[in-house]
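Participant: Please read through the structure below; I'll follow up with questions.
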Amino acid sequence: MESPMLINQRKFDIRVWVLFSMDARVYLFKEGYLRLTSAAYNLTQESIARPEIHLTNNAVQKNFEDYGKFENGNQLSFK
């Protein structure tokens with residue numbers, strides 16, 4: 001993706017919980033969170049192979065030196 005949305009120059013994903021009931025009702029839990037990468041986004045040939053720039057998964061991010069440097073566990077609450 002050439003121009004993703006960024007927070008503090010880093011990629012992120014949004015985590016929320018949703019419940020779908022049997023009678024087609026939908027409930028959204030208001031207290032979700034964002035997971036961020038450990039490094040600033042750039043789209044160079046060299047950066048493609050660096051998961052700390054492109055993947056927000058905690059299992060991936062925890063292996064890098066800057067994990068938790070900006071936010072605890074690279075996560076921000078909606079608040």
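As shown in the structure tokens, the chain order sets the letters A, B, ...; within each chain, residues go from 1, and ligands are also counted from 1 in the order they appear.
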Find the residues near Met5 (chain A): any atom within 12 Å, counting only C-alpha atoms, skip ones fewer than 5 places away on the same chain, and give them as a VMD selection string.
Facilitator: chain A and resid 10 to 14 36 41
Participant: At a cut-off of 10 Å, using only C-alpha atoms, what residues contact Tyr67 (chain A)? Leave out same-chain residues fewer than 2 positions from it and give the result as a ChimeraX atom specification.
Facilitator: /A:36-39,52,58,60-65,69-74
Participant: Using N, CA, C and O atoms, can you export the residues from the last selection as a PDB file, in the first residue's frame?
Facilitator:
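Output file selection-v8.pdb is given in full below:
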ATOM      1  N   LEU A  36       0.331  -0.810  17.000  1.00  0.00           N
ATOM      2  CA  LEU A  36       1.223  -0.063  16.128  1.00  0.00           C
ATOM      3  C   LEU A  36       2.523  -0.812  15.874  1.00  0.00           C
ATOM      4  O   LEU A  36       2.916  -1.675  16.651  1.00  0.00           O
ATOM      5  N   THR A  37       3.197  -0.431  14.794  1.00  0.00           N
ATOM      6  CA  THR A  37       4.505  -0.989  14.502  1.00  0.00           C
ATOM      7  C   THR A  37       5.565  -0.307  15.363  1.00  0.00           C
ATOM      8  O   THR A  37       5.312   0.725  15.975  1.00  0.00           O
ATOM      9  N   SER A  38       6.755  -0.872  15.382  1.00  0.00           N
ATOM     10  CA  SER A  38       7.854  -0.327  16.178  1.00  0.00           C
ATOM     11  C   SER A  38       8.677   0.705  15.437  1.00  0.00           C
ATOM     12  O   SER A  38       9.456   1.421  16.052  1.00  0.00           O
ATOM     13  N   ALA A  39       8.528   0.775  14.132  1.00  0.00           N
ATOM     14  CA  ALA A  39       9.364   1.672  13.330  1.00  0.00           C
ATOM     15  C   ALA A  39       8.502   2.504  12.387  1.00  0.00           C
ATOM     16  O   ALA A  39       7.407   2.095  12.000  1.00  0.00           O
ATOM     17  N   GLU A  52       9.149  -5.105  11.355  1.00  0.00           N
ATOM     18  CA  GLU A  52       8.856  -4.094  12.376  1.00  0.00           C
ATOM     19  C   GLU A  52       8.301  -2.810  11.767  1.00  0.00           C
ATOM     20  O   GLU A  52       7.716  -1.986  12.464  1.00  0.00           O
ATOM     21  N   ASN A  58       1.617  -8.519  17.581  1.00  0.00           N
ATOM     22  CA  ASN A  58       2.459  -8.509  18.784  1.00  0.00           C
ATOM     23  C   ASN A  58       3.490  -9.629  18.791  1.00  0.00           C
ATOM     24  O   ASN A  58       4.608  -9.445  19.283  1.00  0.00           O
ATOM     25  N   VAL A  60       5.116 -10.727  16.365  1.00  0.00           N
ATOM     26  CA  VAL A  60       6.212 -10.279  15.510  1.00  0.00           C
ATOM     27  C   VAL A  60       6.944  -9.109  16.166  1.00  0.00           C
ATOM     28  O   VAL A  60       8.164  -9.100  16.288  1.00  0.00           O
ATOM     29  N   GLN A  61       6.207  -8.109  16.612  1.00  0.00           N
ATOM     30  CA  GLN A  61       6.793  -6.881  17.141  1.00  0.00           C
ATOM     31  C   GLN A  61       7.643  -7.089  18.394  1.00  0.00           C
ATOM     32  O   GLN A  61       8.649  -6.420  18.581  1.00  0.00           O
ATOM     33  N   LYS A  62       7.274  -8.021  19.240  1.00  0.00           N
ATOM     34  CA  LYS A  62       7.990  -8.209  20.511  1.00  0.00           C
ATOM     35  C   LYS A  62       9.444  -8.640  20.321  1.00  0.00           C
ATOM     36  O   LYS A  62      10.233  -8.577  21.250  1.00  0.00           O
ATOM     37  N   ASN A  63       9.814  -9.037  19.120  1.00  0.00           N
ATOM     38  CA  ASN A  63      11.175  -9.477  18.840  1.00  0.00           C
ATOM     39  C   ASN A  63      12.124  -8.341  18.449  1.00  0.00           C
ATOM     40  O   ASN A  63      13.299  -8.587  18.210  1.00  0.00           O
ATOM     41  N   PHE A  64      11.625  -7.104  18.419  1.00  0.00           N
ATOM     42  CA  PHE A  64      12.451  -5.997  17.968  1.00  0.00           C
ATOM     43  C   PHE A  64      12.792  -5.046  19.114  1.00  0.00           C
ATOM     44  O   PHE A  64      12.033  -4.901  20.063  1.00  0.00           O
ATOM     45  N   GLU A  65      13.947  -4.427  18.999  1.00  0.00           N
ATOM     46  CA  GLU A  65      14.503  -3.577  20.057  1.00  0.00           C
ATOM     47  C   GLU A  65      13.565  -2.444  20.483  1.00  0.00           C
ATOM     48  O   GLU A  65      13.472  -2.120  21.670  1.00  0.00           O
ATOM     49  N   LYS A  69       8.712   1.009  23.009  1.00  0.00           N
ATOM     50  CA  LYS A  69       9.448   2.273  23.187  1.00  0.00           C
ATOM     51  C   LYS A  69       8.506   3.472  23.220  1.00  0.00           C
ATOM     52  O   LYS A  69       8.704   4.400  23.988  1.00  0.00           O
ATOM     53  N   PHE A  70       7.478   3.463  22.397  1.00  0.00           N
ATOM     54  CA  PHE A  70       6.572   4.604  22.282  1.00  0.00           C
ATOM     55  C   PHE A  70       5.295   4.439  23.095  1.00  0.00           C
ATOM     56  O   PHE A  70       4.765   5.402  23.621  1.00  0.00           O
ATOM     57  N   GLU A  71       4.766   3.224  23.158  1.00  0.00           N
ATOM     58  CA  GLU A  71       3.581   2.895  23.948  1.00  0.00           C
ATOM     59  C   GLU A  71       3.832   1.545  24.605  1.00  0.00           C
ATOM     60  O   GLU A  71       4.542   0.722  24.055  1.00  0.00           O
ATOM     61  N   ASN A  72       3.217   1.328  25.722  1.00  0.00           N
ATOM     62  CA  ASN A  72       3.334   0.039  26.393  1.00  0.00           C
ATOM     63  C   ASN A  72       2.779  -1.049  25.476  1.00  0.00           C
ATOM     64  O   ASN A  72       1.616  -1.008  25.092  1.00  0.00           O
ATOM     65  N   GLY A  73       3.623  -2.000  25.107  1.00  0.00           N
ATOM     66  CA  GLY A  73       3.183  -3.098  24.250  1.00  0.00           C
ATOM     67  C   GLY A  73       2.776  -2.683  22.857  1.00  0.00           C
ATOM     68  O   GLY A  73       2.049  -3.407  22.188  1.00  0.00           O
ATOM     69  N   ASN A  74       3.218  -1.508  22.400  1.00  0.00           N
ATOM     70  CA  ASN A  74       2.862  -0.969  21.076  1.00  0.00           C
ATOM     71  C   ASN A  74       1.341  -0.848  20.893  1.00  0.00           C
ATOM     72  O   ASN A  74       0.829  -1.014  19.801  1.00  0.00           O
TER      73      ASN A  74
END
Participant: Go through chain A and collect every residue that DSSP, computed from the backbone, puts in strand (DSSP E or B); the answer should be as an MDAnalysis selection string.
Facilitator: chainID A and resid 7 10 12:15 18:20 26:28 33:36 75:77
Participant: Mind checking which residues fall within 8 Å of Tyr33 (chain A), counting only C-alpha atoms, ignoring those fewer than 6 positions away in the same chain, and posting them as a PyMOL selection string?
Facilitator: chain A and resi 14-16+75-78
